[in-house]
Structures are given as C-alpha cells and as structure tokens.
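S.K.: This is input_33.csv (CSV, C-alpha atoms and all ligand atoms).
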chain,number,residue,atom,x,y,z
W,3,MET,CA,-41.4,94.8,49.9
W,4,THR,CA,-42.7,93.6,53.3
W,5,VAL,CA,-45.2,95.8,55.1
W,6,GLN,CA,-46.2,95.2,58.8
W,7,HIS,CA,-48.6,97.2,61.0
W,8,ASN,CA,-48.5,97.9,64.7
W,9,TYR,CA,-45.0,96.4,64.7
W,10,SER,CA,-42.7,96.2,67.7
W,11,LEU,CA,-39.3,97.9,67.2
W,12,LEU,CA,-37.6,95.9,70.0
W,13,ALA,CA,-35.4,94.0,67.6
W,14,HIS,CA,-34.5,97.3,65.7
W,15,ASN,CA,-32.9,99.4,68.5
W,16,THR,CA,-29.9,98.4,70.5
W,17,PHE,CA,-31.1,100.3,73.6
W,18,GLY,CA,-33.7,97.5,73.8
W,19,ILE,CA,-36.7,99.8,74.1
W,20,ASP,CA,-40.0,98.1,73.4
W,21,VAL,CA,-42.2,100.5,71.5
W,22,CYS,CA,-44.3,100.0,68.4
W,23,CYS,CA,-44.6,101.8,65.1
W,24,HIS,CA,-47.7,102.2,63.0
W,25,THR,CA,-46.1,100.7,59.9
W,26,PHE,CA,-42.8,98.9,59.3
W,27,ILE,CA,-41.5,98.5,55.8
W,28,GLU,CA,-38.5,96.6,54.5
W,29,TYR,CA,-37.1,97.0,51.0
W,30,ALA,CA,-34.8,94.3,49.5
W,31,SER,CA,-33.8,95.7,46.1
W,32,VAL,CA,-33.6,98.9,44.2
W,33,SER,CA,-36.9,98.2,42.5
W,34,GLU,CA,-38.6,97.7,45.9
W,35,ALA,CA,-37.1,101.0,47.0
W,36,LYS,CA,-38.5,102.7,43.9
W,37,GLU,CA,-41.9,101.0,44.6
W,38,LEU,CA,-41.8,102.4,48.1
W,39,ALA,CA,-40.9,105.9,46.9
W,40,GLN,CA,-44.0,105.7,44.6
W,41,MET,CA,-46.1,104.6,47.5
W,42,LEU,CA,-44.9,107.4,49.7
W,43,LYS,CA,-45.4,110.1,47.1
W,44,GLY,CA,-47.9,112.7,48.2
W,45,GLN,CA,-48.5,111.0,51.5
W,46,ASN,CA,-47.7,113.1,54.5
W,47,VAL,CA,-46.9,110.4,57.1
W,48,PRO,CA,-44.0,110.8,59.5
W,49,LEU,CA,-41.0,108.8,58.3
W,50,LEU,CA,-38.1,107.2,60.2
W,51,ILE,CA,-35.4,105.5,58.2
W,52,VAL,CA,-33.5,103.1,60.3
W,53,GLY,CA,-30.4,100.9,59.9
W,54,GLY,CA,-29.4,98.6,62.7
W,55,GLY,CA,-31.0,101.0,65.3
W,56,SER,CA,-27.6,101.3,67.0
W,57,ASN,CA,-27.8,105.1,67.1
W,58,LEU,CA,-31.4,105.5,68.1
W,59,LEU,CA,-33.3,106.2,71.3
W,60,LEU,CA,-37.1,105.6,71.0
W,61,THR,CA,-39.1,107.5,73.6
W,62,LYS,CA,-42.7,106.6,72.6
W,63,ASP,CA,-44.7,104.6,70.0
W,64,TYR,CA,-44.0,105.9,66.5
W,65,GLU,CA,-47.2,107.0,64.8
W,66,GLY,CA,-45.6,106.9,61.4
W,67,MET,CA,-43.7,104.7,59.0
W,68,VAL,CA,-40.4,103.1,59.8
W,69,VAL,CA,-38.3,102.0,56.8
W,70,HIS,CA,-35.4,99.6,56.8
W,71,SER,CA,-33.2,98.4,53.9
W,72,VAL,CA,-32.5,94.7,53.7
W,73,ILE,CA,-30.6,95.0,50.4
W,74,LYS,CA,-27.7,92.4,50.7
W,75,GLY,CA,-24.7,91.5,48.7
W,76,TYR,CA,-21.3,92.9,47.6
W,77,GLU,CA,-19.3,93.0,44.4
W,78,VAL,CA,-15.9,94.3,43.3
W,79,VAL,CA,-16.9,96.8,40.6
W,80,ALA,CA,-13.4,98.0,39.6
W,81,GLU,CA,-9.8,97.4,40.6
W,82,ASN,CA,-6.2,98.3,39.7
W,83,ASP,CA,-2.9,97.4,41.2
W,84,ASP,CA,-3.4,99.7,44.2
W,85,ASN,CA,-7.0,99.7,45.2
W,86,LEU,CA,-10.5,98.4,44.5
W,87,LEU,CA,-14.0,99.6,44.6
W,88,LEU,CA,-16.4,97.4,46.6
W,89,ARG,CA,-20.1,98.0,46.1
W,90,VAL,CA,-22.2,96.8,49.1
W,91,GLY,CA,-26.0,96.6,49.7
W,92,SER,CA,-27.1,99.1,52.3
W,93,GLY,CA,-28.7,96.3,54.5
W,94,GLU,CA,-25.4,94.4,55.1
W,95,VAL,CA,-24.1,94.4,58.6
W,96,TRP,CA,-21.1,96.8,58.7
W,97,ASP,CA,-18.8,94.6,60.7
W,98,ASP,CA,-19.4,91.7,58.4
W,99,VAL,CA,-18.1,93.9,55.6
W,100,VAL,CA,-15.0,94.8,57.6
W,101,ALA,CA,-14.4,91.1,58.4
W,102,MET,CA,-14.8,90.2,54.8
W,103,CYS,CA,-12.4,92.9,53.6
W,104,VAL,CA,-9.7,91.8,56.1
W,105,GLU,CA,-10.1,88.2,54.9
W,106,HIS,CA,-9.7,89.2,51.3
W,107,GLY,CA,-6.7,91.5,51.9
W,108,TRP,CA,-8.7,94.7,51.1
W,109,TYR,CA,-7.4,97.3,53.5
W,110,GLY,CA,-8.6,100.5,55.2
W,111,ALA,CA,-11.6,99.4,57.2
W,112,GLU,CA,-9.8,97.6,60.1
W,113,ASN,CA,-10.0,100.5,62.6
W,114,LEU,CA,-13.7,100.5,62.1
W,115,SER,CA,-14.1,96.9,63.3
W,116,LEU,CA,-17.0,96.0,65.5
W,117,ILE,CA,-18.9,99.3,65.1
W,118,PRO,CA,-22.5,98.2,65.3
W,119,GLY,CA,-25.0,99.1,62.5
W,120,GLU,CA,-25.4,98.6,58.8
W,121,VAL,CA,-23.8,99.8,55.6
W,122,GLY,CA,-26.5,102.4,54.8
W,123,ALA,CA,-26.0,104.1,58.1
W,124,SER,CA,-22.2,104.1,57.7
W,125,ALA,CA,-22.8,106.6,54.8
W,126,VAL,CA,-25.4,108.6,56.6
W,127,GLN,CA,-23.8,108.9,60.0
W,128,ASN,CA,-20.1,108.8,58.9
W,129,ILE,CA,-19.3,106.3,61.6
W,130,GLY,CA,-15.8,106.5,63.0
W,131,ALA,CA,-13.3,105.1,65.5
W,132,TYR,CA,-9.6,104.9,66.2
W,133,GLY,CA,-8.6,107.6,63.8
W,134,ALA,CA,-10.7,106.4,60.8
W,135,GLU,CA,-14.0,107.4,59.4
W,136,ALA,CA,-16.3,105.8,56.9
W,137,SER,CA,-15.9,108.9,54.7
W,138,ASP,CA,-12.2,108.0,54.3
W,139,LEU,CA,-13.4,104.9,52.4
W,140,ILE,CA,-16.7,106.0,50.7
W,141,ASP,CA,-16.4,106.5,47.0
W,142,LYS,CA,-20.1,106.9,46.2
W,143,VAL,CA,-23.5,106.4,47.6
W,144,GLU,CA,-26.4,105.2,45.5
W,145,VAL,CA,-29.9,106.3,46.5
W,146,VAL,CA,-33.5,106.3,45.4
W,147,SER,CA,-35.2,109.7,45.6
W,148,LEU,CA,-38.3,109.8,47.7
W,149,CYS,CA,-39.5,112.8,45.7
W,150,ASP,CA,-39.7,111.1,42.3
W,151,GLY,CA,-38.5,107.5,42.7
W,152,SER,CA,-35.4,108.2,40.5
W,153,CYS,CA,-32.0,106.5,41.1
W,154,GLN,CA,-29.2,109.0,41.9
W,155,VAL,CA,-25.5,108.6,42.7
W,156,PHE,CA,-23.7,110.9,45.1
W,157,SER,CA,-19.9,111.3,45.2
W,158,ASN,CA,-18.1,111.5,48.5
W,159,THR,CA,-17.8,115.2,48.1
W,160,ASP,CA,-21.5,115.6,47.4
W,161,CYS,CA,-22.2,114.1,50.8
W,162,GLN,CA,-20.2,116.8,52.7
W,163,TYR,CA,-18.9,114.6,55.3
W,164,GLY,CA,-17.8,115.9,58.7
W,165,TYR,CA,-17.5,114.4,62.2
W,166,ARG,CA,-20.5,112.1,62.5
W,167,GLN,CA,-22.2,114.4,59.9
W,168,SER,CA,-23.3,114.3,56.3
W,169,LYS,CA,-25.9,116.0,54.1
W,170,PHE,CA,-28.2,112.9,54.7
W,171,LYS,CA,-28.5,114.1,58.3
W,172,GLY,CA,-29.2,117.7,57.3
W,173,GLU,CA,-30.5,119.1,54.1
W,174,TRP,CA,-31.2,115.7,52.6
W,175,LYS,CA,-32.9,114.2,55.6
W,176,ASN,CA,-35.7,111.8,54.7
W,177,GLN,CA,-35.3,112.6,51.0
W,178,TYR,CA,-33.4,109.5,49.9
W,179,LEU,CA,-33.3,105.8,50.5
W,180,VAL,CA,-29.7,104.5,50.4
W,181,THR,CA,-29.5,101.3,48.3
W,182,HIS,CA,-25.7,100.8,47.9
W,183,VAL,CA,-22.5,102.2,49.2
W,184,THR,CA,-19.2,101.8,47.2
W,185,TYR,CA,-16.0,101.8,49.3
W,186,ARG,CA,-12.5,102.3,48.0
W,187,LEU,CA,-10.1,99.9,49.7
W,188,LYS,CA,-6.4,99.5,49.4
W,189,LYS,CA,-4.5,96.4,48.3
W,190,THR,CA,-1.5,97.4,50.5
W,191,PHE,CA,-1.9,97.4,54.2
W,192,GLU,CA,-1.0,100.7,55.8
W,193,PRO,CA,-1.9,100.4,59.4
W,194,GLN,CA,-3.1,103.4,61.4
W,195,LEU,CA,-1.8,102.7,64.9
W,196,ASP,CA,-1.5,106.2,66.4
W,197,TYR,CA,-4.9,106.5,68.0
W,198,GLY,CA,-5.6,105.8,71.7
W,199,ASN,CA,-3.9,102.7,73.1
W,200,ILE,CA,-3.6,100.6,69.9
W,201,ARG,CA,0.2,100.6,70.0
W,202,LEU,CA,0.2,99.8,73.7
W,203,GLU,CA,-2.2,96.9,73.2
W,204,LEU,CA,0.0,95.5,70.3
W,205,GLU,CA,3.1,95.8,72.4
W,206,ARG,CA,1.4,94.0,75.2
W,207,ARG,CA,0.9,91.1,72.8
W,208,GLY,CA,4.4,91.3,71.5
W,209,ILE,CA,3.4,92.4,68.0
W,210,SER,CA,5.6,95.0,66.3
W,211,ALA,CA,4.2,94.8,62.7
W,212,PRO,CA,0.6,93.7,62.9
W,213,THR,CA,-1.3,92.0,60.1
W,214,ALA,CA,-4.7,93.5,59.3
W,215,GLN,CA,-6.3,90.5,61.1
W,216,GLN,CA,-4.2,91.2,64.2
W,217,LEU,CA,-5.1,94.9,64.1
W,218,ARG,CA,-8.8,94.0,63.8
W,219,GLU,CA,-8.5,91.7,66.8
W,220,VAL,CA,-6.9,94.4,68.9
W,221,ILE,CA,-9.5,96.9,68.0
W,222,ILE,CA,-12.3,94.4,68.8
W,223,ASP,CA,-10.6,93.7,72.1
W,224,ILE,CA,-10.3,97.3,73.1
W,225,ARG,CA,-13.9,98.0,72.2
W,226,GLN,CA,-15.2,95.0,74.0
W,227,LYS,CA,-13.3,96.0,77.2
W,228,LYS,CA,-14.7,99.5,77.1
W,229,LEU,CA,-18.1,99.3,75.5
W,230,PRO,CA,-21.0,97.3,76.8
W,231,ASP,CA,-22.5,94.6,74.6
W,232,PRO,CA,-26.0,95.7,73.6
W,233,LYS,CA,-27.2,92.1,73.9
W,234,VAL,CA,-26.3,92.2,77.6
W,235,GLU,CA,-27.0,95.8,78.5
W,236,GLY,CA,-28.9,98.0,76.0
W,237,ASN,CA,-27.0,101.0,74.7
W,238,ALA,CA,-26.3,103.0,71.5
W,239,GLY,CA,-22.5,103.4,71.8
W,240,SER,CA,-21.4,107.0,72.4
W,241,PHE,CA,-24.5,108.8,73.6
W,242,PHE,CA,-22.9,112.3,73.2
W,243,MET,CA,-20.6,113.9,70.6
W,244,ASN,CA,-17.3,115.1,71.8
W,245,PRO,CA,-17.7,118.9,72.1
W,246,ILE,CA,-15.4,121.3,70.2
W,247,VAL,CA,-14.6,124.4,72.2
W,248,CYS,CA,-12.8,127.6,71.3
W,249,ARG,CA,-9.1,127.9,72.2
W,250,GLU,CA,-9.7,130.5,74.9
W,251,GLN,CA,-12.1,128.3,76.8
W,252,TYR,CA,-9.8,125.3,76.3
W,253,GLU,CA,-6.8,127.1,77.7
W,254,ARG,CA,-8.8,128.2,80.7
W,255,LEU,CA,-9.9,124.6,81.3
W,256,LEU,CA,-6.4,123.3,80.9
W,257,ASP,CA,-5.1,125.7,83.6
W,258,GLN,CA,-7.7,124.2,85.9
W,259,TYR,CA,-7.4,120.6,84.7
W,260,PRO,CA,-3.9,120.0,83.4
W,261,GLN,CA,-4.7,116.3,82.9
W,262,MET,CA,-7.6,117.0,80.6
W,263,PRO,CA,-7.4,114.9,77.4
W,264,HIS,CA,-7.9,117.0,74.2
W,265,TYR,CA,-7.5,116.7,70.4
W,266,TYR,CA,-6.3,119.5,68.2
W,267,ILE,CA,-8.9,120.6,65.6
W,268,ASP,CA,-7.5,123.9,64.2
W,269,GLU,CA,-5.7,127.0,65.6
W,270,ASN,CA,-8.9,128.2,67.1
W,271,HIS,CA,-10.5,125.0,68.3
W,272,GLU,CA,-9.9,122.0,70.4
W,273,LYS,CA,-12.0,118.8,71.0
W,274,ILE,CA,-12.6,117.6,74.5
W,275,PRO,CA,-13.8,114.0,75.2
W,276,ALA,CA,-17.4,114.1,76.5
W,277,GLY,CA,-16.6,110.9,78.4
W,278,TRP,CA,-13.9,112.6,80.4
W,279,LEU,CA,-16.2,115.6,81.2
W,280,ILE,CA,-19.0,113.2,82.4
W,281,ASP,CA,-16.5,111.1,84.3
W,282,GLN,CA,-15.2,114.3,86.1
W,283,CYS,CA,-18.8,115.0,87.2
W,284,GLY,CA,-18.8,111.7,89.0
W,285,TRP,CA,-21.4,110.0,86.7
W,286,LYS,CA,-19.4,107.0,85.7
W,287,GLY,CA,-21.1,103.8,86.9
W,288,ARG,CA,-24.0,105.8,88.4
W,289,SER,CA,-27.7,105.2,87.7
W,290,LEU,CA,-30.9,107.3,87.6
W,291,GLY,CA,-33.8,104.9,87.9
W,292,LYS,CA,-33.3,102.1,85.3
W,293,ALA,CA,-30.9,104.1,83.2
W,294,GLY,CA,-27.2,104.3,83.9
W,295,VAL,CA,-23.8,105.6,82.9
W,296,HIS,CA,-21.5,102.7,81.8
W,297,CYS,CA,-18.9,101.8,84.4
W,298,ASN,CA,-15.9,101.6,81.9
W,299,GLN,CA,-16.8,104.5,79.5
W,300,ALA,CA,-18.9,107.5,80.8
W,301,LEU,CA,-19.8,108.5,77.2
W,302,VAL,CA,-22.2,105.5,77.0
W,303,LEU,CA,-25.6,105.5,78.6
W,304,VAL,CA,-27.1,102.1,79.3
W,305,ASN,CA,-30.4,100.5,79.9
W,306,ARG,CA,-30.0,98.7,83.2
W,307,GLY,CA,-33.0,96.6,82.4
W,308,GLY,CA,-36.6,97.6,81.7
W,309,ALA,CA,-35.7,101.3,81.2
W,310,THR,CA,-38.1,103.4,79.0
W,311,GLY,CA,-36.8,105.8,76.4
W,312,MET,CA,-37.8,108.7,78.8
W,313,ASP,CA,-35.7,107.2,81.6
W,314,ILE,CA,-32.7,107.5,79.3
W,315,VAL,CA,-33.6,111.0,78.3
W,316,ASN,CA,-33.9,112.0,81.9
W,317,LEU,CA,-30.5,110.7,82.6
W,318,CYS,CA,-29.1,112.4,79.5
W,319,GLU,CA,-30.5,115.8,80.7
W,320,ALA,CA,-29.2,115.3,84.3
W,321,VAL,CA,-25.7,114.6,82.9
W,322,ARG,CA,-25.8,117.5,80.4
W,323,GLN,CA,-26.8,119.9,83.2
W,324,ASP,CA,-24.0,118.8,85.4
W,325,VAL,CA,-21.4,119.1,82.6
W,326,LYS,CA,-22.8,122.6,81.7
W,327,HIS,CA,-22.7,123.7,85.3
W,328,ARG,CA,-19.2,122.5,86.0
W,329,PHE,CA,-17.4,123.2,82.7
W,330,ASP,CA,-19.7,125.6,80.9
W,331,ILE,CA,-19.8,123.2,78.0
W,332,GLN,CA,-23.1,122.2,76.3
W,333,ILE,CA,-22.7,118.5,75.3
W,334,GLU,CA,-25.1,117.3,72.5
W,335,PRO,CA,-26.4,113.8,72.0
W,336,GLU,CA,-25.0,111.9,69.1
W,337,VAL,CA,-27.9,109.5,69.3
W,338,ASN,CA,-31.0,110.2,67.4
W,339,ILE,CA,-33.8,110.7,70.0
W,340,ILE,CA,-37.3,110.1,68.6
W,401,LIG,N1,-12.2,109.2,79.3
W,401,LIG,C1,-12.3,109.3,80.6
W,401,LIG,N2,-13.4,108.7,81.2
W,401,LIG,C2,-14.3,108.1,80.5
W,401,LIG,C3,-14.2,108.0,79.1
W,401,LIG,C4,-13.2,108.6,78.5
W,401,LIG,O1,-11.5,109.9,81.3
W,401,LIG,O2,-15.3,107.6,81.2
W,401,LIG,C5,-11.1,109.8,78.6
W,401,LIG,C6,-10.1,108.7,78.1
W,401,LIG,O3,-9.2,108.3,79.1
W,401,LIG,C7,-9.4,109.3,76.9
W,401,LIG,C8,-10.5,110.2,76.3
W,401,LIG,O4,-11.4,110.5,77.4
W,401,LIG,O5,-8.4,110.1,77.3
W,401,LIG,C9,-11.2,109.7,75.1
W,401,LIG,O6,-11.8,108.5,75.3
W,401,LIG,P1,-11.8,107.3,74.2
W,401,LIG,O7,-10.5,107.2,73.6
W,401,LIG,O8,-12.4,106.1,74.9
W,401,LIG,O9,-12.7,107.8,73.0
W,401,LIG,P2,-14.0,108.8,73.0
W,401,LIG,O10,-13.6,110.1,72.6
W,401,LIG,O11,-14.7,108.7,74.3
W,401,LIG,C10,-14.6,108.3,70.5
W,401,LIG,C11,-15.8,107.9,69.7
W,401,LIG,C12,-16.1,106.4,69.8
W,401,LIG,C13,-14.9,105.7,69.3
W,401,LIG,C14,-13.7,106.1,70.1
W,401,LIG,C15,-12.4,105.5,69.6
W,401,LIG,C16,-17.2,109.9,69.7
W,401,LIG,C17,-18.4,110.6,70.3
W,401,LIG,N3,-16.9,108.7,70.2
W,401,LIG,O12,-14.9,108.1,71.9
W,401,LIG,O13,-17.2,106.1,69.0
W,401,LIG,O14,-15.1,104.3,69.4
W,401,LIG,O15,-13.5,107.5,70.1
W,401,LIG,O16,-12.1,106.1,68.4
W,401,LIG,O17,-16.5,110.5,68.9
W,401,LIG,C18,-19.6,105.7,68.9
W,401,LIG,O18,-19.6,106.6,68.1
W,401,LIG,O19,-20.6,105.0,69.2
W,401,LIG,C19,-18.3,105.4,69.5
W,401,LIG,C20,-18.2,104.4,70.4
Using the file provided, produce a representation of the structure as structure tokens.
M.R.:
Amino acid sequence: MTVQHNYSLLAHNTFGIDVCCHTFIEYASVSEAKELAQMLKGQNVPLLIVGGGSNLLLTKDYEGMVVHSVIKGYEVVAENDDNLLLRVGSGEVWDDVVAMCVEHGWYGAENLSLIPGEVGASAVQNIGAYGAEASDLIDKVEVVSLCDGSCQVFSNTDCQYGYRQSKFKGEWKNQYLVTHVTYRLKKTFEPQLDYGNIRLELERRGISAPTAQQLREVIIDIRQKKLPDPKVEGNAGSFFMNPIVCREQYERLLDQYPQMPHYYIDENHEKIPAGWLIDQCGWKGRSLGKAGVHCNQALVLVNRGGATGMDIVNLCEAVRQDVKHRFDIQIEPEVNII
C-alpha cells in the first residue's frame, strides 16, 4: 500500500484540475485492500474512491482520503465452447482490456472501445456506448468490505445495474473497494451495428461484414471525431446524462421540434439526447471564461486551459438553466462533482 500526503490529483482527473488531497492511497492486491479497510475502520475521514478520474470534476482541495486501485492482471477462470469468464484486476485500464479481448477473439466488448477509465469504474458506473453497457458483460464483482475487511462477491443481479447506475453509486456508496471484475465474453462474434452511424461508417470503408478488430477501429474513429482527447483539452466525456421524459412531454416537444432525436424507453417514457438540447440552446462551441462546450458534441464540457473546477460548474449551471428555460427539462450531470 502506498500512502502520500498533500498529494496533487492533477494526474488523476481527466479535466486536468490541479487540486490536492490530504491523503492519497493506492492498493495493489486484495491483501492491501484488506489492510486499508482495517486502517479505515472507525475513522471518520471523508473518502473518495477514484478510478481513472474520467468521470470526476474536482472543485476544491479534498480534505480527506482519496483511494485508487492499482490491482493489475487478468486470467481466464472458466470457459466452454460458447463463452469464457475473464477475471480482471480493478486497476487495469478498460480500453487495454477491450483491445486484449479483440486480439484473443473474445467478443462482446468491441462497442465499448476507447471509453476512458479503469475496470473497477466499469462496474461502478456501468459505462456504456454504441448500444452496449458493461453490465451486459459483467458476471461478478469482487470487493473488500470497508465495514469489516471481508471479501465478498456480488453477482450482476446483486449490483442492480441501470443506465450509468449501480448499487455501488447508491446504497453501497463508499462501502466496498472493488478488487476484481469478471466479464463473460463470447467466442462467436455477433456484432452490434445498429447504433448511431456505425453502419454508415462501415459502408464508407466498403466493409459489409466487419471483423471485431474492424468494428473496434470504426468505434475508435467515431469517438475520436466527436469527443475531445483529454490530453489535449481536459474533459470527462458526457458531462450530462440523457434525460428521460414522460410521453406527454415528449409528444409536445416533438410537435414543436419534429427533427428531435429520441430513444424509446417504454410506453410511458422517451429519452432525449442532452447534447441535442444543449446544441439547440446555442451552446455548442461557446465558452464561459476558461470553460467551454465542445464544438463537435455539446454534451461534453471542456477545460479550455487553466479552468478551475468552479469555472466548469458555473458553465454547467448556465447550460442547465438554458435547457430548463427552453425545454422545461432538468438535465443532470453524469460527472461526479466533488
Ligand atoms: N446531438 C446534437 N448535437 C450535439 C450532440 C448530439 O444534435 O451537439 C444529437 C446527435 O445528432 C444524435 C443525438 O444527439 O442524434 C445523440 O448523440 P450521440 O449519438 O453522439 O450520443 P449521445 O446520446 O450524445 C451517448 C453517451 C456517450 C456514448 C454515445 C454513443 C450518455 C450521456 N452519453 O451520447 O457516452 O459514447 O451515446 O453511444 O449516455 C460518456 O458517457 O462519457 C459518453 C461519451
């Protein structure tokens, strides 16, 4: 276990915000996670568990303890003719896992290519893109309890996954350190091409039956065109969640905006892309101080250079107010604001 004090979090958040925490601890094994749980027992310090910091907006120095897994490694723990179970350390980089799966011919993760962040966070945040979600793949999540230092295993159902949601973000918040995630991958490639412009992009390349590697490349290409590279312009991907509205409101809006994109949820609800709502309000490409709205995807707020966390929060509030005023829809940040 490594323990550091008055530690800069600059390298641990993709928004590129330079604030410090009182204590920064990294655990590299299950036994170190247990040791950490023992150390924290009975202490009443504020706790922030981070992965790659790609869904995090830090607004001030953190007067508590920031905890990060650096548990590495992966192993195939079971397999049959159809699928296999891959157990991965929570500190592995998510996209390295996707790349490795594609290389080995283990399928199902391709559409989640290039999502920033780490394996532990994939199970907490239920990362998703292009019609796939981590929860489609997660078989189980191994954790160490911060209450008593015991090891526990949760099934996919136990975690109650939803759109960017899990029990780890609600009832179980700050109660467990994720140590390993086991994913169920397929041995047969069944590409999911129906979301967004995947098919269009494949056609453009003259590919009718893509390999997993080709699909991964197309997804990477689409993401790189739309989403800013955090190394160039600090950001945390989608800043807001796509709001779900009731059918009545959706129909009213559709009358007014027949071009409005939307996704069916159930007979009473429809999901509207927050990026479209923000774009309609004229925010795309605009800035407020050193914070801005990305020019290719209005769902992403960016650090134009030297922004503070509060600069981003101020922009977030201005955008929310405009969307509320124009559409009577309250959009909520997906990013964890600390
Ligand atoms: N749109 C606009 N203007 C914009 C942005 C979007 O009109 O500035 C429209 C698009 O034309 C499209 C619709 O809104 O019709 C949806 O846009 P897009 O397909 O780009 O996806 P999204 O709903 O904005 C979601 C996820 C992304 C994920 C993509 C692809 C959320 C909050 N975001 O974005 O996830 O990559 O779908 O599956 O669900 C992330 O979580 O960090 C993230 C990037």
S.K.: To check your reading of the model: which residues sit at most 6 Å from ligand LIG 401 (chain W) when counting all atoms listed in the file? Write the answer as a list of chain:residue names.
M.R.: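 After applying the 6 Å limit, what remains is W:Ala131, W:Tyr132, W:Gly133, W:Gly198, W:Gly239, W:Ser240, W:Phe242, W:Met243, W:Asn244, W:Pro263, W:Pro275, W:Gly277, W:Trp278, W:Asp281, W:Gln299, W:Ala300, W:Leu301.
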S.K.: In Å, how far is it from CA of Thr213 in chain W to CA of Lys74 in chain W?
M.R.: 28.0 Å
S.K.: What's around Cys23 in chain W at 7 Å? Count all atoms listed in the file, leave out sequence neighbours fewer than 3 positions away in its own chain, and write the answer as a VMD selection string.
M.R.: chain W and resid 8 to 11 26 63 to 68
S.K.: Nearest residue to Cys161 in chain W out of W:Asn57, W:Ser147, W:Gln194, W:Gln127, using all atoms listed in the file?
M.R.: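 Between W:Asn57, W:Ser147, W:Gln194, W:Gln127, the residue approaching Cys161 in chain W most closely is W:Gln127.
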S.K.: Which residue, W:Gly55, W:Gly75, W:Pro260, W:Gly291, has the smallest gap to Asn316 in chain W when you use all atoms listed in the file?
M.R.: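 Closest to Asn316 in chain W, using all atoms listed in the file: W:Gly291.
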S.K.: Rounded to one decimal, what separation in Å do you get between CA of Leu38 in chain W and CA of Met3 in chain W?
M.R.: 7.8 Å
S.K.: If we count only C-alpha atoms and set the cut-off at 9 Å, which residues sit around Lys36 in chain W, ignoring sequence neighbours fewer than 5 positions away in its own chain? Please answer as number ranges by chain.
M.R.: W: 31, 41, 146-148, 150-153, 179
S.K.: Grab the residues selected above and save them as a PDB file, in the frame of the given file with C-alpha atoms.
M.R.:
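What ended up in result_14.pdb:
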ATOM      1  CA  SER W  31     -33.800  95.700  46.100  1.00  0.00           C
ATOM      2  CA  MET W  41     -46.100 104.600  47.500  1.00  0.00           C
ATOM      3  CA  VAL W 146     -33.500 106.300  45.400  1.00  0.00           C
ATOM      4  CA  SER W 147     -35.200 109.700  45.600  1.00  0.00           C
ATOM      5  CA  LEU W 148     -38.300 109.800  47.700  1.00  0.00           C
ATOM      6  CA  ASP W 150     -39.700 111.100  42.300  1.00  0.00           C
ATOM      7  CA  GLY W 151     -38.500 107.500  42.700  1.00  0.00           C
ATOM      8  CA  SER W 152     -35.400 108.200  40.500  1.00  0.00           C
ATOM      9  CA  CYS W 153     -32.000 106.500  41.100  1.00  0.00           C
ATOM     10  CA  LEU W 179     -33.300 105.800  50.500  1.00  0.00           C
TER      11      LEU W 179
END
S.K.: Extract, using only C-alpha atoms, all DNA, RNA and protein residues at most 10 Å from Glu81 in chain W, discarding same-chain residues fewer than 6 positions from it, and format them as a ChimeraX atom specification.
M.R.: /W:87-88,186-189
S.K.: Please report, as AutoDock Vina command-line options, the centre and edge lengths in Å to one decimal of an axis-aligned box covering all listed atoms of range 171-178 of chain W with 5 Å per side.
M.R.:
--center_x -32.1 --center_y 114.3 --center_z 54.1 --size_x 17.2 --size_y 19.6 --size_z 18.4
S.K.: Name all residues at most 8 Å from range 216-225 of chain W (count only C-alpha atoms; drop same-chain ones fewer than 2 positions away) and give them as number ranges by chain.
M.R.: W: 112-113, 115-116, 193, 200, 203-204, 212-214, 227-229
S.K.: Nearest to Lys273 in chain W among W:Ile333, W:Ile117, W:Ala123, W:Leu42, with distances taken over only C-alpha atoms: which residue is it?
M.R.: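 Answer, going by the shortest atom-to-atom distance: W:Ile333.
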S.K.: How far is it from CA of Gln332 in chain W to CA of Leu279 in chain W, in Å with one decimal?
M.R.: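 Here the two named atoms are 10.7 Å from each other.
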S.K.: When you count only C-alpha atoms, which of these residues is closest to Trp174 in chain W: W:Leu139, W:Ala309, W:Ile73, W:Val126?
M.R.: W:Val126
S.K.: Please provide the set of residues having any atom within 6 Å of Val183 in chain W, restricted to all atoms listed in the file, with same-chain residues fewer than 4 positions apart removed, written as a VMD selection string.
M.R.: chain W and resid 89 to 90 143
